[in-house]
Amino acid sequence: MFLSMTGFGRASRDFPWGTVTFELTSVNHRYQDFSVRLPRELASLESRMVASLRGAVKRGKVRLSAEVVWNPGARSPILDEQALLHCFERVCSLSQEKGLRAPSELTAFLSLPGVCDTPRVSEGADLGAEVWDELLDEAVASLMEMKRSEGAKLLAVVEEELGAFEGVAALLAERWKIASSDAIEALRGRIEKVMERFALDLDEGRIAQEVSLMSDRWDVSEELARLEAHVAKFRQTAGGDESEGRKLDFLIQEMNREVNTMGSKVGDAEFRWGVVEAKSCLERIREQIQNVE
């Protein structure tokens, strides 16, 4: 399964005092990276929400933002008259004791803690942390739906490119059969010319031994076999129940390593052009894998 690291999710819920909206955005990142922007009323829930996101998203840069839109009149200040009068009377009493001028207005006391407060989100309603957990879960579900949709598109592109790569690998295997025979015959011819030029006397068995040793250095059958195994593992991983972007990226690196090794072993021009095309296919696949969670 492919999950794209790019996605957007949104969830909103109405309450008697207003509306709360959670938005999640996710983009490419090598590791987990979370940032949270919450209004003052929900700031205490930040660590709880980050922990929940870590369990839902394996990789990517995820940003959570929350917005509270209050209904008209819902944020009317709450005045504690007893606290206000207590403060006023206490200050008047101290002023009289110290011979100072007593205050004539109550305005200065409104900013004192506990005298005049703005209502919090949860005031007037039974709202615990589980309410915000539910709202966050809805936003995450919306995000994951988009990630799955984008991942399916990525998988289609990767499947097409992987099929093209397999076709190039098959052509390389066929070309190697021809190129290896030509290279061996060319090597045998060079050995015979050297022997003739310097009047060397070597038996046919020794010549065959030297040719065999040199041909082993050019042999790419092991690399072709490993390529086939890597492709099979890639398909198995891509079709699994989990999104394994890092593992797929590693397999692409290994396939690229095998292709480079073949290019360094074989000097045949047509074979090397096939190596270039194979590397181009792998690079196009790698570009898509970079966005897989």
# chains A, B, ... in the order shown; residues from 1 in each chain; ligands from 1

call {"tool": "residues_around", "arguments": {"residues": "stretch 233-239 of chain A", "least_positions_apart": "6", "cutoff": "8 Å", "atoms": "only C-alpha atoms", "output": "PyMOL selection string"}}
result
chain A and resi 1-2+155+247-248+251

call {"tool": "residues_around", "arguments": {"residues": "stretch 89-95 of chain A", "least_positions_apart": "6", "cutoff": "12 Å", "atoms": "only C-alpha atoms", "output": "PDB file with C-alpha atoms, in the first residue's frame"}}
result
ATOM      1  CA  GLN A  82     -17.894  40.198  45.547  1.00  0.00           C
ATOM      2  CA  ALA A  83     -14.216  39.944  44.584  1.00  0.00           C
ATOM      3  CA  ARG A 101      -6.020  59.211  48.778  1.00  0.00           C
ATOM      4  CA  ALA A 102      -8.514  56.427  48.315  1.00  0.00           C
ATOM      5  CA  PRO A 103      -9.527  55.396  44.751  1.00  0.00           C
ATOM      6  CA  SER A 104     -12.810  56.812  43.567  1.00  0.00           C
ATOM      7  CA  GLU A 105     -13.471  54.335  40.707  1.00  0.00           C
ATOM      8  CA  LEU A 106     -13.664  50.571  40.318  1.00  0.00           C
ATOM      9  CA  ALA A 108      -8.641  49.946  37.952  1.00  0.00           C
ATOM     10  CA  PHE A 109      -9.612  46.708  39.730  1.00  0.00           C
TER      11      PHE A 109
END

call {"tool": "residues_around", "arguments": {"residues": "A:Val27", "least_positions_apart": "2", "cutoff": "7 Å", "atoms": "only C-alpha atoms", "output": "list in words"}}
result
Met5, Thr6, Gly7, Thr25, His29, Gly60, Lys61 and Val62 of chain A

call {"tool": "residues_around", "arguments": {"residues": "A:Asp268", "least_positions_apart": "3", "cutoff": "8 Å", "atoms": "only C-alpha atoms", "output": "list in words"}}
result
Ala179, Phe271 and Arg272 of chain A

call {"tool": "closest_residue", "arguments": {"among": "A:Gly114, A:Gly9, A:Pro72, A:Gly245", "to": "A:Leu143", "atoms": "only C-alpha atoms"}}
result
A:Gly9

call {"tool": "closest_residue", "arguments": {"among": "A:Gln290, A:Ser47, A:Thr107, A:Ser26", "to": "A:Met146", "atoms": "only C-alpha atoms"}}
result
A:Ser26

call {"tool": "atom_distance", "arguments": {"atom1": "atom CA of A:Val36", "atom2": "atom CA of A:Asn71"}}
result
24.3 Å

call {"tool": "closest_residue", "arguments": {"among": "A:Ala225, A:Val231, A:Leu42, A:Val275", "to": "A:Thr261", "atoms": "only C-alpha atoms"}}
result
A:Val275

call {"tool": "residues_around", "arguments": {"residues": "A:Gly55", "least_positions_apart": "5", "cutoff": "12 Å", "atoms": "only C-alpha atoms", "output": "ChimeraX atom specification"}}
result
/A:32,34,48-50,137,140

call {"tool": "closest_residue", "arguments": {"among": "A:Met262, A:Ala170, A:Val292, A:Ala141", "to": "A:Val276", "atoms": "only C-alpha atoms"}}
result
A:Met262

call {"tool": "closest_residue", "arguments": {"among": "A:Ser264, A:Gln96, A:Asn256, A:Ser65", "to": "A:Ser280", "atoms": "only C-alpha atoms"}}
result
A:Asn256

call {"tool": "atom_distance", "arguments": {"atom1": "atom CA of A:Arg286", "atom2": "atom CA of A:Leu64"}}
result
28.5 Å

call {"tool": "atom_distance", "arguments": {"atom1": "atom CA of A:Leu227", "atom2": "atom CA of A:Met255"}}
result
5.9 Å

call {"tool": "residues_around", "arguments": {"residues": "A:Pro39", "least_positions_apart": "3", "cutoff": "7 Å", "atoms": "only C-alpha atoms", "output": "PyMOL selection string"}}
result
chain A and resi 42-43+66-67
